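A.B. asks: This structure is in structure tokens; I'll ask about it shortly.
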Amino acid sequence: MTIRIGTSERDGTFFSQGCALAAVLAQADPPVPATVMESNSASIENAQRLDLGEIDFGFMASNWIGRAKNGEPPFPHPIDLAMVAPMNAGPLFFVTLARSPIRSMADLRGRRIALGKRTSGMVQHAHVIFDVLDLDFTDFTPVYLDFADGAQALAAGEVDVQFQCPIPNKVMTDLAGRVALRVLPYAPAQLEAVTGAVPYYRRCVMRRDAIAGLDADVEQVAVVNVLVTHARVPEATVRAVADAVIAGSDELGRRNSLFAGLKDLFEPLRAHGATALAFGGVPPHPGAVAAFRDAGLLT
């Protein structure tokens, strides 16, 4: 049986991660044949296609999982998702032109900010982050453009700031190659407030030179992206995939730098048990739990 993995549009980071995952699954013992399927709206579409049985596994940002489980908008009814494994912690960051007077998150009031498509996960992230920081959408001008159009608007001076995620991504790399950029830092108290208030966020460090113009390490908010499945998918299938992810974590990192640090995302299992990966109240699939035990991550 060939499993079907829902990802993102071809230029999206989930698609590139899905290709690396399919390659590692093909090398597993025994091999797990997999096909990578594009998705126009990534997390949302992947949850819906899991519900319809059109795919077996899907990449999702963890902020969408609880909404899908509970049938909250944009999901018309509850979807019986189950966790398989973390994939990466992707920084959510705001970028401006290096010549801009905007120096930090405190300078966003009154600015034009490209957030993503109106129905995108990026806009949801912006609402969550700004709510914690006591910044209302009326305090700035939200501009609803996808990543590529938002980057073009920033380069052309049509917006002041763009909300980006994660790195590396093709749009960000291309933008940094065309114009000099600045990544906006959080004040320590702001970063603590956001990560303390939102369970699916983590602190992460964007390393110096991760993109052109980033001349120092900068701490950012990161969302945990995950691989999910449907509760009806057989335990043996899920166990084989989770086993391959755990055993192949180093190889995944070699194939795609988005997987760097993957091993660290499994470590909370040792201290907190399977609930450590139950983002949005969605528990790990029994097949994934068996794989965690096989790897010594759970007692």
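Ligands are numbered from 1 in the order shown, chains are lettered A, B, ... in the order of the structure tokens, and residues start at 1 in each chain.
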Sorted by chain and rising residue number, which residues of segment 188-210 of chain A lie within 12 Å of segment 105-118 of chain A, and what are their closest atom pairs and distances in Å to one decimal, counting only C-alpha atoms, as a Markdown table?

C.D. replies:
| residue | atom | partner | partner_atom | distance |
| --- | --- | --- | --- | --- |
| A:Pro188 | CA | A:Met105 | CA | 11.1 |
| A:Ala189 | CA | A:Met105 | CA | 11.7 |
| A:Gln190 | CA | A:Met105 | CA | 8.8 |
| A:Leu191 | CA | A:Met105 | CA | 10.3 |

A.B. asks: Write the residues of the selection above to a file with C-alpha atoms, as a compact mmCIF listing (two decimals), in the first residue's frame.

C.D. replies:
# COMPACT_ATOMS: atom_id res chain seq x y z
CA PRO A 188 11.93 39.81 26.34
CA ALA A 189 8.67 40.45 28.20
CA GLN A 190 6.70 40.30 24.94
CA LEU A 191 8.24 37.00 23.95

A.B. asks: Could I get the residues of segment 74-98 of chain A with an atom no further than 12 Å from an atom of segment 129-149 of chain A, each paired with its nearest atom pair and that distance in Å to one decimal, using only C-alpha atoms, sorted by chain and residue number, as a tab-separated table?

C.D. replies:
residue	atom	partner	partner_atom	distance
A:Leu92	CA	A:Ile129	CA	9.8
A:Phe93	CA	A:Ile129	CA	10.8
A:Phe94	CA	A:Ile129	CA	11.5

A.B. asks: Could you turn the residues from that selection into a file that holds N, CA and C atoms, as a PDB file, in the first residue's frame?

C.D. replies:
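File out15.pdb, as written:
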ATOM      1  N   LEU A  92       7.728  32.421  13.374  1.00  0.00           N
ATOM      2  CA  LEU A  92       6.768  33.382  12.831  1.00  0.00           C
ATOM      3  C   LEU A  92       7.387  34.754  13.053  1.00  0.00           C
ATOM      4  N   PHE A  93       7.766  35.437  12.005  1.00  0.00           N
ATOM      5  CA  PHE A  93       8.545  36.657  12.218  1.00  0.00           C
ATOM      6  C   PHE A  93       8.075  37.782  11.299  1.00  0.00           C
ATOM      7  N   PHE A  94       8.324  38.998  11.763  1.00  0.00           N
ATOM      8  CA  PHE A  94       7.976  40.194  11.019  1.00  0.00           C
ATOM      9  C   PHE A  94       9.254  40.798  10.444  1.00  0.00           C
TER      10      PHE A  94
END

A.B. asks: Taking 5 positions as the minimum chain separation for residues in the same chain, which residues sit within 10 Å of Asn88 of chain A when counting only C-alpha atoms? Answer as JSON, numbers by chain.

C.D. replies: {"A": [17, 61, 166, 222, 223, 224, 225, 226, 227, 257, 258, 259, 260, 261, 262, 263, 264, 265]}

A.B. asks: Deliver the residues from the most recent selection as a file, using C-alpha atoms, as an mmCIF file, in the first residue's frame.

C.D. replies:
data_model
loop_
_atom_site.group_PDB
_atom_site.id
_atom_site.type_symbol
_atom_site.label_atom_id
_atom_site.label_comp_id
_atom_site.auth_asym_id
_atom_site.auth_seq_id
_atom_site.Cartn_x
_atom_site.Cartn_y
_atom_site.Cartn_z
ATOM 1 C CA GLN A 17 9.279 18.608 3.874
ATOM 2 C CA ALA A 61 0.383 23.794 11.866
ATOM 3 C CA PRO A 166 9.231 29.814 8.463
ATOM 4 C CA ALA A 222 7.696 29.558 16.638
ATOM 5 C CA VAL A 223 4.687 27.385 15.882
ATOM 6 C CA VAL A 224 5.075 23.622 16.052
ATOM 7 C CA ASN A 225 4.180 22.008 12.735
ATOM 8 C CA VAL A 226 3.130 18.385 12.889
ATOM 9 C CA LEU A 227 2.228 15.302 10.903
ATOM 10 C CA SER A 257 17.088 21.970 6.983
ATOM 11 C CA LEU A 258 13.528 22.632 8.166
ATOM 12 C CA PHE A 259 13.854 19.340 10.057
ATOM 13 C CA ALA A 260 16.900 20.552 12.008
ATOM 14 C CA GLY A 261 16.231 20.063 15.712
ATOM 15 C CA LEU A 262 13.545 17.441 15.112
ATOM 16 C CA LYS A 263 14.914 15.184 17.858
ATOM 17 C CA ASP A 264 14.467 17.979 20.399
ATOM 18 C CA LEU A 265 10.740 18.169 19.643
#

A.B. asks: Between A:Val24, A:Val84, A:Val238, A:Ile211, single out the one closest to Pro168 of chain A, counting only C-alpha atoms.

C.D. replies: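 Looking only at the distances to Pro168 of chain A, the closest residue turns out to be A:Ile211.
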
A.B. asks: Give me the residues within 9 Å of segment 64-76 of chain A as a list of chain:residue names, counting only C-alpha atoms and dropping any in the same chain fewer than 5 places off.

C.D. replies: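 Listing them by chain and then by number gives A:Ser43, A:Ile44, A:Ala47, A:Gln48, A:Leu81, A:Thr119, A:Gly121, A:Val228, A:Phe279, A:Gly280, A:Gly281, A:Val282.
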